[in-house]
Amino acid sequence: MTAIYSVILAGGAGSRLWPLSRETYPKQMFKLDDEYTLFQKTFLRVASLIDDKNIITSTNVKHSSAINEQLKELKEKFCRKSNYKVITEPLIKNTAPALLLASKYIEKISYSGSDTIILAVPSDHYIPDRLEFAKLIEKGIKLAKEGYIVSFSQKSDKADENYGCMKVRKNPKISAIEPEALKVNSFIEKPNTKNNLKGKIYINTGLYMFSAKTYFNEAEKYIPEMCKLLENEEISNTIPSVSMNVYSKMPEISVDYALMEKTKQLVTIPFETNWKDIGSWDAVYEISDKDENGNYITGKIVDIDSKNSLIYSTSKIVATLGLKDAIVVETEDAVLVSSKKDTSGIKKIYKKLNGKNTSAKEIHKTVFRPWGCYTVLEEGKGFLTKCIIVNPGAKLSLQFHHHRSEHWIVLEGEATVIKGDNTYTLEAGNSIDIACKEVHSLQNHGSDQLKILEVQQGDILEENDIIRLQDIYGRV
């Protein structure tokens, strides 16, 4: 039997969902409207079709801790004994390098080798009808076994600059395998809509299916430089990654531009069921439950007479009056106000933050870690204050800093502190000083959250001044 695997691509930044989505904690990590995050929903959808032991999550080093924590939640919820597999990119290099790396990993660990069928799935899609999705994948498997790269698409009357667009035709050989499948004559990724493609268009959803053999054959033709870089790399369960030195040489390009625009093996199956790429705030609005005025409202909102708007608050009270077709999103450190008719410009704002406020582009005021989270309360010249929350049973890495000292005050719970060669137990109201370059760690042995007020002092107060010596989350 041919092995069926899936790779979930979960390394993107989600720039069009700023300010909720940030580089270090992007949209796929969030719960927008129910108990599961977008990533977890994707995993569960795929697991209803494919053995969950054969689902590989591809992410980058920035997101790997959060991904592993979310997989741990699913593992515990469904009583799985074995850990789910994650392959980690040393750098964010877009989907072409990520998918090539993941496919080589799957080929190595699969008993079918290069005959293995791979379903590549973005981590941020909305597909509510699992039965129809299952039927679609069954059709794709038949074509992938015959050497085709299968794209899943939706019909459209016009091109869309946010998606790949395909012109197609019937092909007797392909129709004999799957009557609904169509040969792709041309594929244009994110076309300029001013030069509109004529006739019926098929919009690429970003889901692909192929055999490892077909994918590597096409990759050798069209992205040989990427294949050459990975040629001598050992990628296995023991080493589910590659070296930074090798991966840094990879071009930063999507699989759509690098391969799908060029391959002659591309076919498509129309996606008849409901599908939405949750890549923008207007997409979030479309899939959400609205009130009697057509508004999707969540958080601490006071609204009067607004219509057909999305109003989203994470922390503060947001008051709105008489809005129409608007997007309002509040986070602890940023507020977005936009017309709902054109949210594509949010990506331009995201890019502009490079020169204005890099931290607002990369991180939230509250930053999630595998052990819990921290919130920056205030910062100034030579000082920074944080509120640190450590989950029950969690532990910060054994570490030291070259450029700062720290003062910890226990606000809630009981802390176990390693400081040099000594171990201390601190209760609420107790405090301790950590000198610059002093080895230290913090652990919560209790059953309740541990809350710490941290005051940093020094000339460099950045996260890259953490020198980890030991870490239970594998970040050393």
# chains A, B, ... in the order shown; residues from 1 in each chain; ligands from 1
call {"tool": "closest_atom_pairs", "arguments": {"of": "region 229-300 of chain A", "to": "region 12-23 of chain A", "cutoff": "12 Å", "atoms": "only C-alpha atoms", "output": "CSV"}}
result
residue,atom,partner,partner_atom,distance
A:Ser254,CA,A:Gly12,CA,11.0
A:Asp277,CA,A:Gly14,CA,11.1
A:Ile278,CA,A:Leu17,CA,8.6
A:Gly279,CA,A:Arg16,CA,6.1
A:Ser280,CA,A:Arg16,CA,5.1
A:Trp281,CA,A:Leu17,CA,6.0
A:Asp282,CA,A:Leu17,CA,9.5
A:Ala283,CA,A:Leu17,CA,9.8
A:Val284,CA,A:Leu17,CA,9.2
A:Tyr285,CA,A:Leu17,CA,11.7
call {"tool": "select_by_dssp", "arguments": {"residues": "region 300-392 of chain A", "states": "strand (DSSP E or B)", "output": "number ranges by chain"}}
result
A: 301-304, 307, 310-313, 318-321, 324, 326-330, 335-339, 366-369, 372-380, 383-390
call {"tool": "write_last_selection", "arguments": {"atoms": "N, CA and C atoms", "output": "CSV table (one decimal), in the first residue's frame"}}
result
chain,number,residue,atom,x,y,z
A,301,ILE,N,-16.4,45.8,23.9
A,301,ILE,CA,-16.9,46.8,22.9
A,301,ILE,C,-18.2,47.5,23.4
A,302,VAL,N,-18.2,48.8,23.2
A,302,VAL,CA,-19.5,49.6,23.4
A,302,VAL,C,-19.8,50.2,22.0
A,303,ASP,N,-20.8,49.7,21.4
A,303,ASP,CA,-21.1,50.1,20.0
A,303,ASP,C,-22.5,50.7,20.0
A,304,ILE,N,-22.7,51.8,19.2
A,304,ILE,CA,-24.0,52.4,18.9
A,304,ILE,C,-24.1,52.6,17.4
A,307,LYS,N,-22.8,49.3,11.5
A,307,LYS,CA,-23.4,48.3,10.6
A,307,LYS,C,-22.3,47.6,9.8
A,310,LEU,N,-16.5,44.8,11.5
A,310,LEU,CA,-15.8,43.9,12.4
A,310,LEU,C,-15.1,44.8,13.5
A,311,ILE,N,-15.4,44.6,14.8
A,311,ILE,CA,-14.9,45.3,15.9
A,311,ILE,C,-14.3,44.3,16.9
A,312,TYR,N,-13.0,44.4,17.1
A,312,TYR,CA,-12.3,43.3,17.8
A,312,TYR,C,-11.4,43.9,18.8
A,313,SER,N,-11.6,43.6,20.1
A,313,SER,CA,-10.8,44.1,21.2
A,313,SER,C,-10.2,43.0,22.0
A,318,VAL,N,-13.3,49.5,23.8
A,318,VAL,CA,-13.3,50.2,22.5
A,318,VAL,C,-14.8,50.6,22.3
A,319,ALA,N,-14.9,51.9,22.1
A,319,ALA,CA,-16.3,52.5,21.8
A,319,ALA,C,-16.4,52.9,20.4
A,320,THR,N,-17.4,52.5,19.7
A,320,THR,CA,-17.6,52.8,18.3
A,320,THR,C,-19.0,53.4,18.1
A,321,LEU,N,-19.1,54.3,17.1
A,321,LEU,CA,-20.4,55.0,16.9
A,321,LEU,C,-20.6,55.2,15.4
A,324,LYS,N,-19.7,52.0,9.4
A,324,LYS,CA,-20.3,51.3,8.3
A,324,LYS,C,-19.2,50.6,7.5
A,326,ALA,N,-16.6,48.8,8.3
A,326,ALA,CA,-15.3,49.1,8.9
A,326,ALA,C,-14.7,47.9,9.6
A,327,ILE,N,-13.3,48.0,9.7
A,327,ILE,CA,-12.6,47.1,10.5
A,327,ILE,C,-11.9,47.9,11.6
A,328,VAL,N,-12.1,47.5,12.9
A,328,VAL,CA,-11.4,48.0,14.0
A,328,VAL,C,-10.8,46.9,14.9
A,329,VAL,N,-9.5,46.9,15.0
A,329,VAL,CA,-8.9,45.8,15.8
A,329,VAL,C,-7.9,46.5,16.8
A,330,GLU,N,-8.1,46.1,18.1
A,330,GLU,CA,-7.3,46.7,19.2
A,330,GLU,C,-6.5,45.5,19.8
A,335,VAL,N,-3.6,49.8,17.4
A,335,VAL,CA,-5.0,49.8,17.0
A,335,VAL,C,-5.0,50.0,15.5
A,336,LEU,N,-5.8,49.1,14.8
A,336,LEU,CA,-6.0,49.2,13.4
A,336,LEU,C,-7.4,49.7,13.1
A,337,VAL,N,-7.6,50.7,12.2
A,337,VAL,CA,-8.9,51.2,11.7
A,337,VAL,C,-8.8,51.2,10.2
A,338,SER,N,-9.7,50.5,9.6
A,338,SER,CA,-9.6,50.3,8.1
A,338,SER,C,-11.0,50.2,7.5
A,339,SER,N,-11.2,50.5,6.2
A,339,SER,CA,-12.4,50.2,5.5
A,339,SER,C,-12.4,48.7,5.2
A,366,THR,N,2.3,41.2,25.0
A,366,THR,CA,2.3,39.9,25.7
A,366,THR,C,2.9,38.9,24.7
A,367,VAL,N,4.0,38.3,25.2
A,367,VAL,CA,4.7,37.3,24.4
A,367,VAL,C,4.6,35.9,25.0
A,368,PHE,N,4.2,35.0,24.1
A,368,PHE,CA,3.9,33.6,24.6
A,368,PHE,C,5.2,32.8,24.5
A,369,ARG,N,5.4,32.0,25.5
A,369,ARG,CA,6.6,31.1,25.6
A,369,ARG,C,6.1,29.7,25.9
A,372,GLY,N,4.8,29.6,29.5
A,372,GLY,CA,3.8,30.6,29.9
A,372,GLY,C,3.8,31.8,29.0
A,373,CYS,N,3.9,33.0,29.6
A,373,CYS,CA,4.0,34.2,28.8
A,373,CYS,C,4.6,35.4,29.7
A,374,TYR,N,4.9,36.5,29.0
A,374,TYR,CA,5.3,37.7,29.8
A,374,TYR,C,4.7,38.9,29.1
A,375,THR,N,4.4,39.9,29.8
A,375,THR,CA,3.9,41.2,29.3
A,375,THR,C,4.8,42.3,29.7
A,376,VAL,N,5.2,43.1,28.7
A,376,VAL,CA,6.1,44.2,29.0
A,376,VAL,C,5.2,45.3,29.5
A,377,LEU,N,5.5,45.8,30.7
A,377,LEU,CA,4.7,46.8,31.4
A,377,LEU,C,5.2,48.2,31.0
A,378,GLU,N,6.5,48.4,31.1
A,378,GLU,CA,7.1,49.7,30.8
A,378,GLU,C,8.5,49.6,30.5
A,379,GLU,N,9.0,50.4,29.6
A,379,GLU,CA,10.5,50.4,29.3
A,379,GLU,C,11.0,51.8,29.1
A,380,GLY,N,12.2,52.0,29.4
A,380,GLY,CA,12.9,53.3,29.2
A,380,GLY,C,14.4,53.1,29.1
A,383,PHE,N,16.1,50.5,31.6
A,383,PHE,CA,15.3,49.7,32.5
A,383,PHE,C,14.1,49.1,31.6
A,384,LEU,N,13.6,48.0,32.1
A,384,LEU,CA,12.4,47.4,31.5
A,384,LEU,C,11.7,46.6,32.6
A,385,THR,N,10.4,46.7,32.7
A,385,THR,CA,9.6,45.9,33.6
A,385,THR,C,8.7,44.9,32.9
A,386,LYS,N,8.6,43.7,33.4
A,386,LYS,CA,7.7,42.7,32.9
A,386,LYS,C,6.8,42.0,34.0
A,387,CYS,N,5.7,41.6,33.6
A,387,CYS,CA,4.9,40.6,34.4
A,387,CYS,C,5.1,39.3,33.8
A,388,ILE,N,5.7,38.3,34.5
A,388,ILE,CA,5.9,37.0,34.0
A,388,ILE,C,4.9,36.0,34.6
A,389,ILE,N,4.3,35.2,33.8
A,389,ILE,CA,3.4,34.1,34.2
A,389,ILE,C,3.9,32.8,33.8
A,390,VAL,N,4.2,32.0,34.8
A,390,VAL,CA,4.8,30.6,34.6
A,390,VAL,C,3.7,29.6,34.9
call {"tool": "residues_around", "arguments": {"residues": "region 219-234 of chain A", "least_positions_apart": "4", "cutoff": "10 Å", "atoms": "only C-alpha atoms", "output": "list of chain:residue names"}}
result
A:Ala96, A:Pro97, A:Leu100, A:Leu101, A:Lys104, A:Tyr105, A:Lys108, A:Lys213, A:Thr214, A:Tyr215, A:Thr238, A:Ile239, A:Pro240, A:Ser241, A:Val242, A:Ser243, A:Val246, A:Tyr247, A:Lys249, A:Met250, A:Pro251, A:Val255, A:Ala258, A:Leu259, A:Met260, A:Glu261, A:Lys262, A:Thr263
call {"tool": "closest_residue", "arguments": {"among": "A:Ser344, A:Thr116, A:Thr24, A:Thr416", "to": "Asn162 (chain A)", "atoms": "only C-alpha atoms"}}
result
A:Ser344
call {"tool": "select_by_dssp", "arguments": {"residues": "region 258-453 of chain A", "states": "alpha helix (DSSP H)", "output": "PDB file with C-alpha atoms, in the first residue's frame"}}
result
ATOM      1  CA  TRP A 281      -9.738  40.752   8.359  1.00  0.00           C
ATOM      2  CA  ASP A 282     -12.507  40.805   5.749  1.00  0.00           C
ATOM      3  CA  ALA A 283     -12.114  36.996   5.501  1.00  0.00           C
ATOM      4  CA  VAL A 284     -12.474  36.718   9.291  1.00  0.00           C
ATOM      5  CA  TYR A 285     -15.618  38.846   9.021  1.00  0.00           C
ATOM      6  CA  GLU A 286     -17.091  36.647   6.285  1.00  0.00           C
ATOM      7  CA  ILE A 287     -16.863  33.408   8.285  1.00  0.00           C
ATOM      8  CA  ILE A 346      -2.791  46.354   5.732  1.00  0.00           C
ATOM      9  CA  LYS A 347       0.183  44.487   4.298  1.00  0.00           C
ATOM     10  CA  LYS A 348       1.657  47.863   3.291  1.00  0.00           C
ATOM     11  CA  ILE A 349       1.242  49.111   6.869  1.00  0.00           C
ATOM     12  CA  TYR A 350       2.993  45.979   8.094  1.00  0.00           C
ATOM     13  CA  LYS A 351       5.967  46.634   5.809  1.00  0.00           C
ATOM     14  CA  LYS A 352       6.078  50.310   6.797  1.00  0.00           C
ATOM     15  CA  LEU A 353       6.514  49.320  10.446  1.00  0.00           C
ATOM     16  CA  ASN A 354      10.097  48.342   9.616  1.00  0.00           C
ATOM     17  CA  GLY A 355      11.089  51.977   9.736  1.00  0.00           C
ATOM     18  CA  LYS A 356       8.683  53.104  12.449  1.00  0.00           C
ATOM     19  CA  THR A 358       9.971  47.148  14.587  1.00  0.00           C
ATOM     20  CA  SER A 359       8.739  45.642  17.855  1.00  0.00           C
ATOM     21  CA  ALA A 360       5.094  46.213  16.840  1.00  0.00           C
ATOM     22  CA  LYS A 361       5.768  44.202  13.701  1.00  0.00           C
ATOM     23  CA  GLU A 362       7.548  41.324  15.387  1.00  0.00           C
TER      24      GLU A 362
END
call {"tool": "closest_residue", "arguments": {"among": "A:His403, A:His125, A:Lys62, A:Lys75", "to": "Phe39 (chain A)", "atoms": "only C-alpha atoms"}}
result
A:His125
call {"tool": "atom_distance", "arguments": {"atom1": "CA of Asp115 (chain A)", "atom2": "CA of Thr42 (chain A)"}}
result
24.5 Å
call {"tool": "residues_around", "arguments": {"residues": "Ala181 (chain A)", "least_positions_apart": "4", "cutoff": "8 Å", "atoms": "only C-alpha atoms", "output": "count of residues only"}}
result
7
call {"tool": "residues_around", "arguments": {"residues": "Glu161 (chain A)", "least_positions_apart": "6", "cutoff": "8 Å", "atoms": "only C-alpha atoms", "output": "ChimeraX atom specification"}}
result
/A:189-193
call {"tool": "atom_distance", "arguments": {"atom1": "CA of Ile467 (chain A)", "atom2": "CA of Ala102 (chain A)"}}
result
29.3 Å
call {"tool": "atom_distance", "arguments": {"atom1": "CA of Val439 (chain A)", "atom2": "CA of His364 (chain A)"}}
result
27.2 Å
call {"tool": "closest_residue", "arguments": {"among": "A:Val150, A:Ala176, A:Ala394, A:Val46", "to": "Gly446 (chain A)", "atoms": "only C-alpha atoms"}}
result
A:Ala394
call {"tool": "residues_around", "arguments": {"residues": "Pro122 (chain A)", "least_positions_apart": "3", "cutoff": "7 Å", "atoms": "only C-alpha atoms", "output": "list of chain:residue names"}}
result
A:Ile8, A:Leu9, A:Ala10, A:His125, A:Gly206, A:Leu207
call {"tool": "write_last_selection", "arguments": {"atoms": "N, CA and C atoms", "output": "PDB file, in the first residue's frame"}}
result
ATOM      1  N   ILE A   8       1.732  20.166   7.109  1.00  0.00           N
ATOM      2  CA  ILE A   8       1.022  21.410   7.410  1.00  0.00           C
ATOM      3  C   ILE A   8       2.054  22.537   7.439  1.00  0.00           C
ATOM      4  N   LEU A   9       1.880  23.516   6.562  1.00  0.00           N
ATOM      5  CA  LEU A   9       2.817  24.635   6.465  1.00  0.00           C
ATOM      6  C   LEU A   9       2.398  25.706   7.470  1.00  0.00           C
ATOM      7  N   ALA A  10       3.165  25.828   8.551  1.00  0.00           N
ATOM      8  CA  ALA A  10       2.763  26.698   9.662  1.00  0.00           C
ATOM      9  C   ALA A  10       3.879  27.658  10.051  1.00  0.00           C
ATOM     10  N   HIS A 125      -6.597  27.885   6.901  1.00  0.00           N
ATOM     11  CA  HIS A 125      -7.781  27.828   6.045  1.00  0.00           C
ATOM     12  C   HIS A 125      -9.045  27.476   6.839  1.00  0.00           C
ATOM     13  N   GLY A 206      -4.052  26.909  -2.571  1.00  0.00           N
ATOM     14  CA  GLY A 206      -2.805  26.697  -1.839  1.00  0.00           C
ATOM     15  C   GLY A 206      -2.643  25.289  -1.302  1.00  0.00           C
ATOM     16  N   LEU A 207      -3.652  24.425  -1.522  1.00  0.00           N
ATOM     17  CA  LEU A 207      -3.531  23.012  -1.151  1.00  0.00           C
ATOM     18  C   LEU A 207      -3.006  22.241  -2.358  1.00  0.00           C
TER      19      LEU A 207
END
